[in-house]
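Heads up: the structure comes next, in structure tokens.
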Amino acid sequence: MNPNEATGPFSLPHRAEDTSFIKRLDSTLATFLAEQRDIVAKISPAAVDLVDSVETLIKGGKRLRPRFAWWGYAGAGGNLASEAIIRAAAALELFQAAALIHDDVIDRSATRRGRPSVHKSFEATHSRLGWARDGARFGEAAAILAGDLCLSFSEQLFATAATAGSPARKIFDDMRTQVMAGQYLDVLEESAGPSSSDTDVLERARTILRYKSAKYSTENPLLLGGALAGADS
């Protein structure tokens, strides 16, 4: 398959092309985060820890959502040499990282991908250096800010991949809204669920799973890749 030509409709990339995609993706993420580290370092070297926490987290990812976007793009006949799909896929990975950081704070999860979660890592730094005030509260606050910064990074990258008003832009924007709404419904169910009617409990659970996870894990990345390739509805 010539990487400078579009693939045939509904054909998927070969394994070698998939491996090449991951290498390009990782290179784009590394370059982008290095640029952001330089920007933050000019503000204060102490703030670089926020960027480092993001970089550490994404190193352990399986790149599932970027891969779905890539397969959707290739399957819709996209030009595999394009940088747009790489940058969009990188934006998806950063959005995923932001969601994980915030989710771990919400769920009070101690680990993520075999390492301490971001808030626990910041808490450990607080303890190790003997800083003042509450270490757990510091860790949560720092993690929330790291997640917010990660959301900003995701938006910056995606803005270089899709124009305003494009189908891909709408899919990306809708996906972010859906995830936040699904996450809130998950939190809401934990508190309000026990006092709610049992008649629709299964549907509520399905809605949470659909919007908190399923749509942004598989459906929207596939749609996004297809839209970037110029596929119709």
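Every chain in the structure tokens takes a letter, A first, then B, and so on in the order presented; its residues are numbered from 1, and the ligands are numbered from 1 following the presented order.
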Please produce, as a Markdown table, a per-residue contact table for range 96-144 of chain A versus range 201-215 of chain A (criterion: any atom at most 12 Å away, only C-alpha atoms considered), showing the nearest atom pair and its distance in Å to one decimal, sorted by chain then residue number.
| residue | atom | partner | partner_atom | distance |
| --- | --- | --- | --- | --- |
| A:Gln96 | CA | A:Ser213 | CA | 10.2 |
| A:Ala99 | CA | A:Lys212 | CA | 9.7 |
| A:Leu100 | CA | A:Ser213 | CA | 11.2 |
| A:Asp103 | CA | A:Lys212 | CA | 10.5 |
Store the residues picked out above in a file with all heavy atoms, as a PDB file, in the first residue's frame.
ATOM      1  N   GLN A  96      -8.083  11.630  26.838  1.00  0.00           N
ATOM      2  CA  GLN A  96      -8.198  10.431  27.671  1.00  0.00           C
ATOM      3  C   GLN A  96      -7.404  10.588  28.960  1.00  0.00           C
ATOM      4  O   GLN A  96      -7.878  10.247  30.052  1.00  0.00           O
ATOM      5  CB  GLN A  96      -7.712   9.206  26.884  1.00  0.00           C
ATOM      6  CG  GLN A  96      -7.286   8.011  27.707  1.00  0.00           C
ATOM      7  CD  GLN A  96      -8.454   7.257  28.332  1.00  0.00           C
ATOM      8  OE1 GLN A  96      -9.582   7.733  28.332  1.00  0.00           O
ATOM      9  NE2 GLN A  96      -8.171   6.097  28.872  1.00  0.00           N
ATOM     10  N   ALA A  99      -9.227  12.843  31.354  1.00  0.00           N
ATOM     11  CA  ALA A  99     -10.364  12.141  31.950  1.00  0.00           C
ATOM     12  C   ALA A  99      -9.909  11.180  33.045  1.00  0.00           C
ATOM     13  O   ALA A  99     -10.556  11.070  34.097  1.00  0.00           O
ATOM     14  CB  ALA A  99     -11.140  11.389  30.866  1.00  0.00           C
ATOM     15  N   LEU A 100      -8.794  10.496  32.822  1.00  0.00           N
ATOM     16  CA  LEU A 100      -8.281   9.553  33.817  1.00  0.00           C
ATOM     17  C   LEU A 100      -7.815  10.275  35.086  1.00  0.00           C
ATOM     18  O   LEU A 100      -8.068   9.813  36.203  1.00  0.00           O
ATOM     19  CB  LEU A 100      -7.121   8.745  33.234  1.00  0.00           C
ATOM     20  CG  LEU A 100      -7.460   7.761  32.108  1.00  0.00           C
ATOM     21  CD1 LEU A 100      -6.195   7.062  31.622  1.00  0.00           C
ATOM     22  CD2 LEU A 100      -8.499   6.749  32.546  1.00  0.00           C
ATOM     23  N   ASP A 103     -10.893  11.402  36.878  1.00  0.00           N
ATOM     24  CA  ASP A 103     -11.649  10.239  37.358  1.00  0.00           C
ATOM     25  C   ASP A 103     -10.993   9.634  38.597  1.00  0.00           C
ATOM     26  O   ASP A 103     -11.675   9.206  39.525  1.00  0.00           O
ATOM     27  CB  ASP A 103     -11.749   9.201  36.242  1.00  0.00           C
ATOM     28  CG  ASP A 103     -12.756   8.100  36.550  1.00  0.00           C
ATOM     29  OD1 ASP A 103     -13.915   8.441  36.856  1.00  0.00           O
ATOM     30  OD2 ASP A 103     -12.400   6.923  36.483  1.00  0.00           O
TER      31      ASP A 103
END
Each residue of range 16-109 of chain A lying at most 8 Å from range 119-136 of chain A should get a row with its shortest atom-to-atom pair and the distance in Å to one decimal, counting only C-alpha atoms; could you produce that, ordered by chain and increasing number, as a tab-separated table?
residue	atom	partner	partner_atom	distance
A:Ile101	CA	A:His119	CA	7.7
A:Asp104	CA	A:His119	CA	7.8
A:Val105	CA	A:His119	CA	6.7
> From the set A:Val118, A:Leu228, A:Ala89, A:Gly182, which residue has the shortest atom-to-atom contact distance to Asp49 in chain A, counting only C-alpha atoms?
Replying inline: A:Val118
> Within 9 Å of Asp18 in chain A, counting only C-alpha atoms, which residues qualify if same-chain residues fewer than 6 places away don't, as a PyMOL selection string?
Replying inline: chain A and resi 67+70-71
Please dump the current selection as a tab-separated table (two decimals), in the first residue's frame; keep C-alpha atoms.
chain	number	residue	atom	x	y	z
A	67	ARG	CA	-6.01	3.45	17.02
A	70	TRP	CA	-6.67	5.75	12.72
A	71	TRP	CA	-8.62	2.69	11.60
> Between CA of Leu64 in chain A and CA of Gly147 in chain A, what is the distance, to one decimal in Å?
Replying inline: 19.3 Å
>> As an exercise, work out the distance from CA of Thr19 in chain A to CA of Lys62 in chain A in Å and give it to one decimal place.
In response: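 That distance, rounded to one decimal, is 12.5 Å.
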> Among range 25-185 of chain A, which ones does DSSP place in strand (DSSP E or B), written as JSON, numbers by chain?
Replying inline: {"A": [79, 111, 112, 115, 116]}
Writer output for current selection, N, CA and C atoms, as a CSV table (one decimal), in the first residue's frame:
chain,number,residue,atom,x,y,z
A,79,ASN,N,-5.7,9.6,3.4
A,79,ASN,CA,-4.3,9.6,3.0
A,79,ASN,C,-3.4,9.3,4.2
A,111,THR,N,-3.9,4.0,42.3
A,111,THR,CA,-3.0,3.7,41.2
A,111,THR,C,-3.7,3.8,39.8
A,112,ARG,N,-2.8,3.9,38.8
A,112,ARG,CA,-3.3,4.0,37.4
A,112,ARG,C,-2.2,3.5,36.6
A,115,ARG,N,1.1,2.5,38.2
A,115,ARG,CA,1.9,3.5,38.9
A,115,ARG,C,0.9,4.3,39.9
A,116,PRO,N,1.5,5.1,40.8
A,116,PRO,CA,0.6,5.9,41.6
A,116,PRO,C,-0.2,6.8,40.7
>> Using DSSP assignments from the backbone, pull out every residue in range 58-195 of chain A that falls under helix (DSSP H, G or I) and give it to me as a ChimeraX atom specification.
In response: /A:58,64-75,84-107,118-129,135-159,167-195
>> From the options A:Leu224, A:Ile22, A:Ala30, A:Ala90, which residue's atoms come nearest to Ala168 in chain A, counting only C-alpha atoms?
In response: A:Leu224
>> With only C-alpha atoms as the counted atoms, please give the residues lying no more than 8 Å from Met175 in chain A, apart from itself and same-chain residues fewer than 4 positions off, as a list in words.
In response: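 Residues meeting the cut-off are Ile171, Val179, Lys215, Tyr216 and Asn220 of chain A.
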Produce a file of the selected residues containing N, CA and C atoms, as a compact mmCIF listing (two decimals), in the first residue's frame.
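Once written, result19.txt looks like this:
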# COMPACT_ATOMS: atom_id res chain seq x y z
N ILE A 171 -17.84 16.34 16.04
CA ILE A 171 -17.73 15.05 16.72
C ILE A 171 -16.87 15.17 17.96
N VAL A 179 -18.79 12.91 27.56
CA VAL A 179 -17.99 12.30 28.62
C VAL A 179 -18.24 13.00 29.95
N LYS A 215 -18.91 5.58 24.05
CA LYS A 215 -18.90 6.47 22.89
C LYS A 215 -17.52 7.09 22.66
N TYR A 216 -16.84 7.48 23.72
CA TYR A 216 -15.55 8.13 23.49
C TYR A 216 -14.40 7.14 23.39
N ASN A 220 -16.97 7.36 18.86
CA ASN A 220 -16.55 8.69 18.41
C ASN A 220 -15.17 8.72 17.78
